[in-house]
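Structure first, commentary second.
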Amino acid sequence: MHDVPTTSAPLCANHCITIEPGIYIPYGDLRWPEGFWGVGVRIEDVVCVQEKGEPGPLVLSREAVKEVVDVEALGLKAREREERRKMRGTDGDEEDDD
């Protein structure tokens, strides 16, 4: 754990917290295939308490991708962008078209 709160006071309107379930696979852990050793995945949501009368919590990260297919698509897009930069001989500081 990190950033453990030091108070037990209830959350109030406009307080925000991060909810971050994750899995971390240590090197050498024989419960997992070797290709997964050293991998960590955390899916974070930032959630804020609304004013009284507002409908439910406000999830600031609602639009962040969380499904495997969407995360993989982002990774592919990043790899393709990097390949285009390498072909152009740029260092990555320039804006890309996508």
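Chain labels follow the order of the structure tokens: the first chain is A, the next B, and so on; residue numbering restarts at 1 in every chain, and ligands are counted from 1 in their shown order.
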Neighbouring residues of Val41 of chain A were defined as those with any atom within 9 Å, considering only C-alpha atoms; residues of the same chain fewer than 6 positions away were excluded. Please report them as JSON, numbers by chain. {"A": [21, 22, 23, 24, 25]}
Store the residues of this selection in a file with N, CA and C atoms, as a PDB file, in the first residue's frame.
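Dumped everything to part-v7.pdb:
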ATOM      1  N   PRO A  21      -7.591  -0.798  -8.319  1.00  0.00           N
ATOM      2  CA  PRO A  21      -7.318  -2.235  -8.222  1.00  0.00           C
ATOM      3  C   PRO A  21      -6.200  -2.603  -9.194  1.00  0.00           C
ATOM      4  N   GLY A  22      -5.390  -3.532  -8.801  1.00  0.00           N
ATOM      5  CA  GLY A  22      -4.290  -3.905  -9.683  1.00  0.00           C
ATOM      6  C   GLY A  22      -3.772  -5.287  -9.385  1.00  0.00           C
ATOM      7  N   ILE A  23      -2.942  -5.759 -10.286  1.00  0.00           N
ATOM      8  CA  ILE A  23      -2.262  -7.042 -10.108  1.00  0.00           C
ATOM      9  C   ILE A  23      -0.805  -6.827 -10.480  1.00  0.00           C
ATOM     10  N   TYR A  24       0.077  -7.355  -9.655  1.00  0.00           N
ATOM     11  CA  TYR A  24       1.508  -7.245  -9.872  1.00  0.00           C
ATOM     12  C   TYR A  24       2.096  -8.647  -9.760  1.00  0.00           C
ATOM     13  N   ILE A  25       2.740  -9.096 -10.808  1.00  0.00           N
ATOM     14  CA  ILE A  25       3.260 -10.463 -10.858  1.00  0.00           C
ATOM     15  C   ILE A  25       4.776 -10.410 -10.689  1.00  0.00           C
TER      16      ILE A  25
END
Contacts of Glu20 of chain A at 9 Å (only C-alpha atoms; same-chain gap of 6+ positions) as a VMD selection string: chain A and resid 42 to 46
Using backbone DSSP assignments, extract all helix (DSSP H, G or I) residues from segment 11-95 of chain A; output them as a list of chain:residue names.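 Here is the list: A:Glu34, A:Gly35, A:Phe36, A:Val68, A:Val69, A:Asp70, A:Val71, A:Glu72, A:Ala73, A:Leu74, A:Gly75, A:Leu76, A:Lys77, A:Ala78, A:Arg79, A:Glu80, A:Arg81, A:Glu82, A:Glu83, A:Arg84, A:Arg85, A:Lys86, A:Met87, A:Arg88.
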Would you export the selected residues with N, CA, C and O atoms as a tab-separated table (two decimals), in the first residue's frame, please?
chain	number	residue	atom	x	y	z
A	34	GLU	N	5.85	-17.60	-17.30
A	34	GLU	CA	7.04	-16.76	-17.22
A	34	GLU	C	6.90	-15.45	-18.00
A	34	GLU	O	7.42	-14.41	-17.60
A	35	GLY	N	6.16	-15.46	-19.09
A	35	GLY	CA	5.98	-14.25	-19.89
A	35	GLY	C	5.26	-13.13	-19.16
A	35	GLY	O	5.32	-11.98	-19.58
A	36	PHE	N	4.60	-13.46	-18.06
A	36	PHE	CA	3.89	-12.45	-17.28
A	36	PHE	C	4.69	-11.94	-16.09
A	36	PHE	O	4.28	-11.00	-15.42
A	68	VAL	N	-9.79	-4.67	-22.36
A	68	VAL	CA	-8.56	-5.19	-22.96
A	68	VAL	C	-8.43	-4.75	-24.41
A	68	VAL	O	-7.38	-4.26	-24.83
A	69	VAL	N	-9.47	-4.90	-25.18
A	69	VAL	CA	-9.41	-4.57	-26.61
A	69	VAL	C	-9.07	-3.10	-26.81
A	69	VAL	O	-8.31	-2.73	-27.71
A	70	ASP	N	-9.58	-2.22	-25.95
A	70	ASP	CA	-9.30	-0.80	-26.07
A	70	ASP	C	-7.87	-0.46	-25.66
A	70	ASP	O	-7.21	0.37	-26.30
A	71	VAL	N	-7.38	-1.09	-24.60
A	71	VAL	CA	-6.00	-0.87	-24.17
A	71	VAL	C	-5.04	-1.37	-25.23
A	71	VAL	O	-4.06	-0.71	-25.57
A	72	GLU	N	-5.32	-2.54	-25.80
A	72	GLU	CA	-4.46	-3.08	-26.86
A	72	GLU	C	-4.46	-2.17	-28.07
A	72	GLU	O	-3.42	-1.96	-28.71
A	73	ALA	N	-5.61	-1.60	-28.42
A	73	ALA	CA	-5.68	-0.68	-29.56
A	73	ALA	C	-4.83	0.56	-29.31
A	73	ALA	O	-4.15	1.04	-30.23
A	74	LEU	N	-4.84	1.07	-28.09
A	74	LEU	CA	-3.99	2.22	-27.78
A	74	LEU	C	-2.51	1.87	-27.89
A	74	LEU	O	-1.72	2.66	-28.39
A	75	GLY	N	-2.15	0.68	-27.42
A	75	GLY	CA	-0.76	0.25	-27.54
A	75	GLY	C	-0.32	0.13	-28.98
A	75	GLY	O	0.77	0.55	-29.35
A	76	LEU	N	-1.18	-0.43	-29.81
A	76	LEU	CA	-0.88	-0.56	-31.24
A	76	LEU	C	-0.72	0.81	-31.87
A	76	LEU	O	0.21	1.05	-32.64
A	77	LYS	N	-1.60	1.71	-31.54
A	77	LYS	CA	-1.54	3.07	-32.09
A	77	LYS	C	-0.23	3.74	-31.69
A	77	LYS	O	0.42	4.41	-32.50
A	78	ALA	N	0.20	3.56	-30.44
A	78	ALA	CA	1.45	4.16	-29.96
A	78	ALA	C	2.65	3.56	-30.68
A	78	ALA	O	3.58	4.29	-31.05
A	79	ARG	N	2.62	2.23	-30.89
A	79	ARG	CA	3.73	1.59	-31.61
A	79	ARG	C	3.80	2.10	-33.05
A	79	ARG	O	4.88	2.36	-33.58
A	80	GLU	N	2.63	2.22	-33.69
A	80	GLU	CA	2.60	2.72	-35.07
A	80	GLU	C	3.12	4.15	-35.14
A	80	GLU	O	3.88	4.50	-36.05
A	81	ARG	N	2.75	4.98	-34.18
A	81	ARG	CA	3.22	6.37	-34.14
A	81	ARG	C	4.73	6.40	-33.98
A	81	ARG	O	5.43	7.17	-34.65
A	82	GLU	N	5.27	5.56	-33.10
A	82	GLU	CA	6.71	5.50	-32.88
A	82	GLU	C	7.44	5.06	-34.15
A	82	GLU	O	8.50	5.61	-34.48
A	83	GLU	N	6.89	4.09	-34.85
A	83	GLU	CA	7.51	3.64	-36.11
A	83	GLU	C	7.53	4.76	-37.14
A	83	GLU	O	8.52	4.95	-37.85
A	84	ARG	N	6.44	5.54	-37.23
A	84	ARG	CA	6.41	6.66	-38.18
A	84	ARG	C	7.47	7.69	-37.81
A	84	ARG	O	8.14	8.25	-38.67
A	85	ARG	N	7.64	7.95	-36.51
A	85	ARG	CA	8.65	8.91	-36.07
A	85	ARG	C	10.05	8.43	-36.42
A	85	ARG	O	10.90	9.20	-36.84
A	86	LYS	N	10.29	7.14	-36.22
A	86	LYS	CA	11.60	6.58	-36.56
A	86	LYS	C	11.87	6.71	-38.05
A	86	LYS	O	12.98	7.04	-38.46
A	87	MET	N	10.86	6.45	-38.86
A	87	MET	CA	11.02	6.54	-40.32
A	87	MET	C	11.31	7.99	-40.74
A	87	MET	O	12.06	8.22	-41.68
A	88	ARG	N	10.71	8.95	-40.04
A	88	ARG	CA	10.94	10.37	-40.35
A	88	ARG	C	12.23	10.87	-39.74
A	88	ARG	O	12.69	11.95	-40.07
From a backbone DSSP assignment, name each residue in segment 15-88 of chain A labelled strand (DSSP E or B), as JSON, numbers by chain. {"A": [16, 17, 18, 19, 22, 23, 24, 40, 41, 42, 45, 46, 47, 48, 58, 59]}
Enter the distance from atom CA of Val47 of chain A to atom CA of Cys12 of chain A, in Å, rounded to one decimal. 12.1 Å
List the spatial neighbours of Pro10 of chain A as a ChimeraX atom specification - criterion: any atom at most 12 Å away, only C-alpha atoms, same-chain residues fewer than 6 positions off excluded. /A:16-17,49
Between atom CA of Ser61 of chain A and atom CA of Asn14 of chain A, measure the distance and give it in Å to one decimal. 15.2 Å
Given only C-alpha atoms as the basis, pick out the residue of A:Thr18, A:Ala9, A:Gly89, A:Tyr27 nearest to Leu60 of chain A. A:Thr18
